[in-house]
Amino acid sequence: MKEQALEKIADKSAVVGIIGLGYVGLPLALCFIEKGYRVIGFDSDPQKVELLNDGRSYIKHVGIHRVQAAKESGLFTATSDYSKAEEADALILCVPTPLGKHMEPDVSYIISTVAGILPYVRKGQLVSLESTTYPGTTEDLIAAPIEAKGFKVGRDVFVAFSPEREDPGNPDFSTSTIPKLVGGCSEACLEVALALYSNVVVKAIPVSSTRVAETAKLLENIFRSVNIGLVNEMKIVCDKLGIDVWDVIDAAATKPFGFMAFRPGPGMGGHCIPIDPFYLTWKAKEFGINTHFIELAGTINNSMPDWVVQKTALALNDHGKSVKGSKVLVLGLAYKKNIDDLRESPSIHIIERLMALGAQVGYSDPHIPRTHKMREHDLDLSSIELTPSVIAKQDCVLVATDHDAFDYAMIERHAKLIVDTRGVYRGDRKNVVKA
């Protein structure tokens with residue numbers, strides 16, 4: 001079976017199934033299509049399926065021209081029908097892995113996806129997981145059910161883990177230009193997975209097991225979480241000392257070795273950094289290990305929206321205003337600049353906290369014209385167009401996400417009070433409070 005799988009991959013007759021057509025799955029699907037592979041995209045959202053089959057994109061940084069080209073190539077179709085999985089020679093799972101209410105891993109999307117495709121798994125297929133998760137997930141939740149069906153993993157069906165490394169909106173790196181880790185459940189599994197991914201990414205890097213690949217992905221995100229937590233704590237300390245933390249970071253960054261600059265903000269967002277470290281924390285507790293360092297960073301980062309709200313309340317108070325009844329305009333709803341991704345955005349938490357205190361809160365974000373209902377949030381707001389008169393009517397303008405599209409000079413000219421969480425306004429500025 002291995003030789004047949006390798007031959008299909010090599011001559012591009014292999015059909016690739018991508019399950020989950022979000023920020024990870026859709027760019028990956030387009031990469032395979034652009035390399036000449038036929039792709040079947042699976043998603044449980046019928047609206048996404050309809051849009052893609054019409055050649056339309058619903059992710060800002062995934063250009064509509066790429067989706068239209070995929071449709072016109074005849075190599076792509078989107079569906080919600082798992083029975084089509086039998087047509088695929090490779091099935092790549094790009095489904096969410098959120099946290100539960102008690103910060104425990106929620107792998108229900110992986111479990112339900114495997115249950116959905118299992119009746120259609122056949123000999124010769126590769127099944128690869130890309131969702132970030134705890135060590136052992138690929139073996140326990142994918143390989144084990146496949147073997148329970150009567151297949152031998154590594155002989156009949158090939159199972160791998162290759163963590164996504166997407167960075168939405170990054171102009172320097174895209175799906176195809178980011179080196180990709182690949183771990184297999186056996187040598188044969190690794191060989192087949194490497195052969196497939198090597199055709200669409202600049203470099204596929206083999207590792208010794210799926211567990212190593214799973215843990216490496218967690219380490220990548222924990223590294224960022226810990227360093228963001230550090231600079232966020234430094235921001236609070238510097239605030240009390242009357243020192244500009246952004247000046248401090250710029251000064252430290254002049255050292256050509258031993259230092260990497262991270263920037264503070266109003267909290268952490270995105271699907272990875274606020275969530276993934278707790279997957280390792282949860283797994284470590286099975287072995288009686290407390291990951292104090294990881295948890296401390298998470299505590300600091302999760303507390304930042306509250307700190308921003310407190311700074312806003314104090315700033316309003318200094319201007320003779322209480323939070324209750326004040327008009328506050330939040331600039332930027334996305335979790336980082338120049339994208340339309342709301343997942344785990346600290347802006348959402350800041351808005352909800354300000355509303356709970358009685359503020360009249362609106363937002364402006366050129367990338368998100370209207371909020372949509374999420375699992376735990378439903379703001380039901382529309383973006384407000386920024387004009388001098390709109391800004392002048394606000395008691396406070398809060399910079400939560402530093403989109404390039406904002407006219408910061410114009411905002412400064414007309415705002416009564418600005419609370420800046422991103423270091424947009426450097427130096428001492430009239431009516432600018434740094435938070």
# chains A, B, ... in the order shown; residues from 1 in each chain; ligands from 1
call {"tool": "select_by_dssp", "arguments": {"residues": "stretch 90-312 of chain A", "states": "strand (DSSP E or B)", "output": "VMD selection string"}}
result
chain A and resid 90 to 93 99 105 126 to 129 153 157 to 161 180 to 184 204 to 206
call {"tool": "write_last_selection", "arguments": {"atoms": "C-alpha atoms", "output": "tab-separated table (two decimals), in the first residue's frame"}}
result
chain	number	residue	atom	x	y	z
A	90	ALA	CA	-5.20	11.73	2.00
A	91	LEU	CA	-7.44	13.16	4.71
A	92	ILE	CA	-6.06	16.16	6.61
A	93	LEU	CA	-7.91	17.24	9.75
A	99	LEU	CA	-10.60	24.82	25.92
A	105	PRO	CA	-8.74	20.38	26.36
A	126	LEU	CA	-3.14	8.85	4.75
A	127	VAL	CA	-4.89	10.48	7.72
A	128	SER	CA	-3.03	13.50	9.08
A	129	LEU	CA	-3.97	15.72	12.02
A	153	VAL	CA	-1.64	1.51	10.85
A	157	VAL	CA	-3.59	3.13	6.55
A	158	PHE	CA	-0.96	5.78	7.27
A	159	VAL	CA	-1.40	8.16	10.22
A	160	ALA	CA	0.61	11.33	10.91
A	161	PHE	CA	0.65	14.58	12.82
A	180	LYS	CA	6.47	22.11	8.40
A	181	LEU	CA	7.07	19.45	11.06
A	182	VAL	CA	5.88	15.94	10.25
A	183	GLY	CA	5.66	13.00	12.66
A	184	GLY	CA	4.33	9.56	11.78
A	204	ALA	CA	8.92	19.27	5.39
A	205	ILE	CA	10.93	18.37	8.48
A	206	PRO	CA	10.71	14.80	9.82
call {"tool": "closest_residue", "arguments": {"among": "A:Val62, A:Cys31, A:Ile294, A:Ile384", "to": "A:Phe76", "atoms": "only C-alpha atoms"}}
result
A:Cys31
call {"tool": "closest_atom_pairs", "arguments": {"of": "stretch 226-303 of chain A", "to": "stretch 399-403 of chain A", "cutoff": "12 Å", "atoms": "only C-alpha atoms", "output": "Markdown table"}}
result
| residue | atom | partner | partner_atom | distance |
| --- | --- | --- | --- | --- |
| A:Pro264 | CA | A:Ala400 | CA | 11.4 |
| A:Gly265 | CA | A:Ala400 | CA | 7.8 |
| A:Pro266 | CA | A:Ala400 | CA | 6.5 |
| A:Gly267 | CA | A:Ala400 | CA | 9.3 |
| A:Met268 | CA | A:Ala400 | CA | 11.2 |
| A:Gly269 | CA | A:Thr401 | CA | 10.8 |
call {"tool": "residues_around", "arguments": {"residues": "A:Leu219", "least_positions_apart": "4", "cutoff": "9 Å", "atoms": "only C-alpha atoms", "output": "PyMOL selection string"}}
result
chain A and resi 214-215+223-224+277+280
call {"tool": "closest_atom_pairs", "arguments": {"of": "stretch 8-30 of chain A", "to": "stretch 107-115 of chain A", "cutoff": "12 Å", "atoms": "only C-alpha atoms", "output": "Markdown table"}}
result
| residue | atom | partner | partner_atom | distance |
| --- | --- | --- | --- | --- |
| A:Ile18 | CA | A:Thr113 | CA | 11.5 |
| A:Ile19 | CA | A:Thr113 | CA | 8.1 |
| A:Gly20 | CA | A:Thr113 | CA | 9.4 |
call {"tool": "closest_residue", "arguments": {"among": "A:Leu51, A:Leu141, A:Val212, A:Ala5", "to": "A:Arg155", "atoms": "only C-alpha atoms"}}
result
A:Ala5
call {"tool": "closest_residue", "arguments": {"among": "A:Pro274, A:Gly17, A:Pro145, A:Gly124", "to": "A:Asn301", "atoms": "only C-alpha atoms"}}
result
A:Pro274
call {"tool": "closest_residue", "arguments": {"among": "A:Ile222, A:Ala392, A:Met1, A:Met103", "to": "A:Arg122", "atoms": "only C-alpha atoms"}}
result
A:Met1
call {"tool": "closest_residue", "arguments": {"among": "A:Ile368, A:Val16, A:Leu314, A:Ile117", "to": "A:Tyr335", "atoms": "only C-alpha atoms"}}
result
A:Ile368
call {"tool": "atom_distance", "arguments": {"atom1": "atom CA of A:His102", "atom2": "atom CA of A:Asp167"}}
result
27.1 Å
call {"tool": "residues_around", "arguments": {"residues": "stretch 231-247 of chain A", "least_positions_apart": "4", "cutoff": "12 Å", "atoms": "only C-alpha atoms", "output": "mmCIF file with N, CA and C atoms, in the first residue's frame"}}
result
data_model
loop_
_atom_site.group_PDB
_atom_site.id
_atom_site.type_symbol
_atom_site.label_atom_id
_atom_site.label_comp_id
_atom_site.auth_asym_id
_atom_site.auth_seq_id
_atom_site.Cartn_x
_atom_site.Cartn_y
_atom_site.Cartn_z
ATOM 1 N N ARG A 224 5.954 31.768 23.100
ATOM 2 C CA ARG A 224 5.362 33.081 22.829
ATOM 3 C C ARG A 224 4.513 33.544 24.004
ATOM 4 N N SER A 225 3.724 32.638 24.574
ATOM 5 C CA SER A 225 2.862 32.997 25.700
ATOM 6 C C SER A 225 3.675 33.500 26.886
ATOM 7 N N VAL A 226 4.744 32.796 27.200
ATOM 8 C CA VAL A 226 5.573 33.164 28.355
ATOM 9 C C VAL A 226 6.231 34.528 28.130
ATOM 10 N N ASN A 227 6.740 34.757 26.929
ATOM 11 C CA ASN A 227 7.414 36.031 26.660
ATOM 12 C C ASN A 227 6.430 37.194 26.575
ATOM 13 N N ALA A 251 15.073 49.844 23.544
ATOM 14 C CA ALA A 251 16.456 49.934 24.007
ATOM 15 C C ALA A 251 17.072 48.552 24.163
ATOM 16 N N ALA A 252 16.335 47.627 24.776
ATOM 17 C CA ALA A 252 16.854 46.265 24.977
ATOM 18 C C ALA A 252 17.075 45.549 23.653
ATOM 19 N N ALA A 253 16.228 45.865 22.649
ATOM 20 C CA ALA A 253 16.310 45.186 21.349
ATOM 21 C C ALA A 253 17.560 45.556 20.560
ATOM 22 N N THR A 254 18.296 46.571 21.013
ATOM 23 C CA THR A 254 19.551 46.915 20.317
ATOM 24 C C THR A 254 20.635 45.890 20.588
ATOM 25 N N MET A 260 15.137 38.783 22.485
ATOM 26 C CA MET A 260 14.158 38.819 21.399
ATOM 27 C C MET A 260 13.014 39.722 21.827
ATOM 28 N N ALA A 261 12.717 40.714 21.032
ATOM 29 C CA ALA A 261 11.712 41.709 21.413
ATOM 30 C C ALA A 261 10.295 41.161 21.265
ATOM 31 N N PHE A 262 9.525 41.218 22.329
ATOM 32 C CA PHE A 262 8.090 40.966 22.315
ATOM 33 C C PHE A 262 7.401 42.244 22.752
ATOM 34 N N ARG A 263 6.177 42.459 22.272
ATOM 35 C CA ARG A 263 5.462 43.692 22.565
ATOM 36 C C ARG A 263 4.242 43.424 23.446
ATOM 37 N N PRO A 264 4.004 44.276 24.439
ATOM 38 C CA PRO A 264 2.820 44.095 25.278
ATOM 39 C C PRO A 264 1.555 44.520 24.547
ATOM 40 N N GLY A 265 0.426 44.235 25.136
ATOM 41 C CA GLY A 265 -0.844 44.593 24.525
ATOM 42 C C GLY A 265 -1.974 44.482 25.519
ATOM 43 N N PRO A 266 -3.218 44.484 25.041
ATOM 44 C CA PRO A 266 -4.383 44.426 25.937
ATOM 45 C C PRO A 266 -4.751 43.011 26.360
ATOM 46 N N GLY A 267 -3.943 42.038 25.988
ATOM 47 C CA GLY A 267 -4.222 40.636 26.269
ATOM 48 C C GLY A 267 -3.826 39.801 25.067
ATOM 49 N N MET A 268 -4.073 38.513 25.144
ATOM 50 C CA MET A 268 -3.707 37.626 24.043
ATOM 51 C C MET A 268 -4.946 37.201 23.278
ATOM 52 N N LEU A 296 1.424 30.666 35.121
ATOM 53 C CA LEU A 296 1.616 32.057 35.544
ATOM 54 C C LEU A 296 1.522 33.004 34.346
ATOM 55 N N ALA A 297 2.174 32.616 33.240
ATOM 56 C CA ALA A 297 2.103 33.446 32.032
ATOM 57 C C ALA A 297 0.662 33.584 31.560
ATOM 58 N N GLY A 298 -0.078 32.484 31.597
ATOM 59 C CA GLY A 298 -1.482 32.534 31.196
ATOM 60 C C GLY A 298 -2.308 33.432 32.096
ATOM 61 N N THR A 299 -2.022 33.378 33.400
ATOM 62 C CA THR A 299 -2.750 34.227 34.353
ATOM 63 C C THR A 299 -2.501 35.701 34.074
ATOM 64 N N ILE A 300 -1.239 36.057 33.822
ATOM 65 C CA ILE A 300 -0.903 37.458 33.534
ATOM 66 C C ILE A 300 -1.589 37.918 32.262
ATOM 67 N N ASN A 301 -1.469 37.129 31.211
ATOM 68 C CA ASN A 301 -2.046 37.525 29.920
ATOM 69 C C ASN A 301 -3.565 37.629 29.974
ATOM 70 N N ASN A 302 -4.187 36.704 30.703
ATOM 71 C CA ASN A 302 -5.650 36.733 30.810
ATOM 72 C C ASN A 302 -6.154 37.894 31.657
ATOM 73 N N SER A 303 -5.267 38.449 32.484
ATOM 74 C CA SER A 303 -5.674 39.560 33.355
ATOM 75 C C SER A 303 -5.568 40.919 32.667
ATOM 76 N N MET A 304 -4.932 40.968 31.503
ATOM 77 C CA MET A 304 -4.675 42.263 30.863
ATOM 78 C C MET A 304 -5.938 43.039 30.480
ATOM 79 N N PRO A 305 -7.005 42.406 29.983
ATOM 80 C CA PRO A 305 -8.213 43.194 29.708
ATOM 81 C C PRO A 305 -8.730 43.935 30.934
ATOM 82 N N TRP A 307 -6.904 44.975 33.416
ATOM 83 C CA TRP A 307 -5.969 46.065 33.682
ATOM 84 C C TRP A 307 -6.248 47.251 32.753
ATOM 85 N N VAL A 308 -6.546 46.964 31.504
ATOM 86 C CA VAL A 308 -6.864 48.017 30.538
ATOM 87 C C VAL A 308 -8.139 48.753 30.951
ATOM 88 N N GLN A 310 -9.315 49.046 33.956
ATOM 89 C CA GLN A 310 -8.991 49.840 35.142
ATOM 90 C C GLN A 310 -8.283 51.143 34.743
ATOM 91 N N LYS A 311 -7.324 51.042 33.835
ATOM 92 C CA LYS A 311 -6.615 52.234 33.374
ATOM 93 C C LYS A 311 -7.577 53.207 32.678
ATOM 94 N N ASP A 420 -4.157 54.113 24.987
ATOM 95 C CA ASP A 420 -3.366 53.411 23.975
ATOM 96 C C ASP A 420 -2.765 52.147 24.573
ATOM 97 N N THR A 421 -3.227 50.983 24.096
ATOM 98 C CA THR A 421 -2.710 49.704 24.610
ATOM 99 C C THR A 421 -1.630 49.107 23.724
ATOM 100 N N ARG A 422 -1.318 49.769 22.603
ATOM 101 C CA ARG A 422 -0.408 49.174 21.620
ATOM 102 C C ARG A 422 0.860 49.988 21.355
ATOM 103 N N GLY A 423 1.046 51.080 22.076
ATOM 104 C CA GLY A 423 2.246 51.884 21.859
ATOM 105 C C GLY A 423 2.228 52.642 20.550
ATOM 106 N N VAL A 424 1.044 52.996 20.074
ATOM 107 C CA VAL A 424 0.918 53.758 18.822
ATOM 108 C C VAL A 424 1.469 55.163 19.002
ATOM 109 N N TYR A 425 1.119 55.775 20.121
ATOM 110 C CA TYR A 425 1.519 57.157 20.383
ATOM 111 C C TYR A 425 2.737 57.150 21.315
ATOM 112 N N ARG A 426 3.888 57.443 20.744
ATOM 113 C CA ARG A 426 5.127 57.387 21.504
ATOM 114 C C ARG A 426 5.451 58.732 22.127
ATOM 115 N N GLY A 427 6.171 58.688 23.248
ATOM 116 C CA GLY A 427 6.531 59.913 23.948
ATOM 117 C C GLY A 427 5.350 60.461 24.730
ATOM 118 N N ASP A 428 5.570 61.606 25.364
ATOM 119 C CA ASP A 428 4.505 62.253 26.134
ATOM 120 C C ASP A 428 3.561 62.965 25.174
ATOM 121 N N VAL A 433 -3.232 58.304 27.329
ATOM 122 C CA VAL A 433 -2.864 57.484 28.480
ATOM 123 C C VAL A 433 -2.459 56.121 27.956
ATOM 124 N N LYS A 434 -1.315 55.627 28.371
ATOM 125 C CA LYS A 434 -0.824 54.332 27.907
ATOM 126 C C LYS A 434 -1.268 53.233 28.861
ATOM 127 N N ALA A 435 -1.787 52.165 28.284
ATOM 128 C CA ALA A 435 -2.324 51.085 29.112
ATOM 129 C C ALA A 435 -1.857 49.736 28.607
#
call {"tool": "residues_around", "arguments": {"residues": "A:Leu333", "least_positions_apart": "6", "cutoff": "8 Å", "atoms": "only C-alpha atoms", "output": "JSON, numbers by chain"}}
result
{"A": [342, 345, 347, 348, 363, 364, 365, 368, 400, 401]}
call {"tool": "write_last_selection", "arguments": {"atoms": "C-alpha atoms", "output": "PDB file, in the first residue's frame"}}
result
ATOM      1  CA  LEU A 342     -11.985  37.616  16.217  1.00  0.00           C
ATOM      2  CA  SER A 345      -9.715  38.683  20.912  1.00  0.00           C
ATOM      3  CA  SER A 347     -11.083  43.546  22.519  1.00  0.00           C
ATOM      4  CA  ILE A 348     -14.225  41.469  23.053  1.00  0.00           C
ATOM      5  CA  TYR A 363     -16.161  49.904  17.989  1.00  0.00           C
ATOM      6  CA  SER A 364     -14.478  50.681  14.712  1.00  0.00           C
ATOM      7  CA  ASP A 365     -12.682  48.050  12.680  1.00  0.00           C
ATOM      8  CA  ILE A 368     -14.875  43.524  10.714  1.00  0.00           C
ATOM      9  CA  ALA A 400      -7.070  47.958  21.225  1.00  0.00           C
ATOM     10  CA  THR A 401      -5.773  46.794  17.831  1.00  0.00           C
TER      11      THR A 401
END
call {"tool": "closest_residue", "arguments": {"among": "A:Ser176, A:Asn338, A:Gln125, A:Ser322", "to": "A:Gly154", "atoms": "only C-alpha atoms"}}
result
A:Gln125
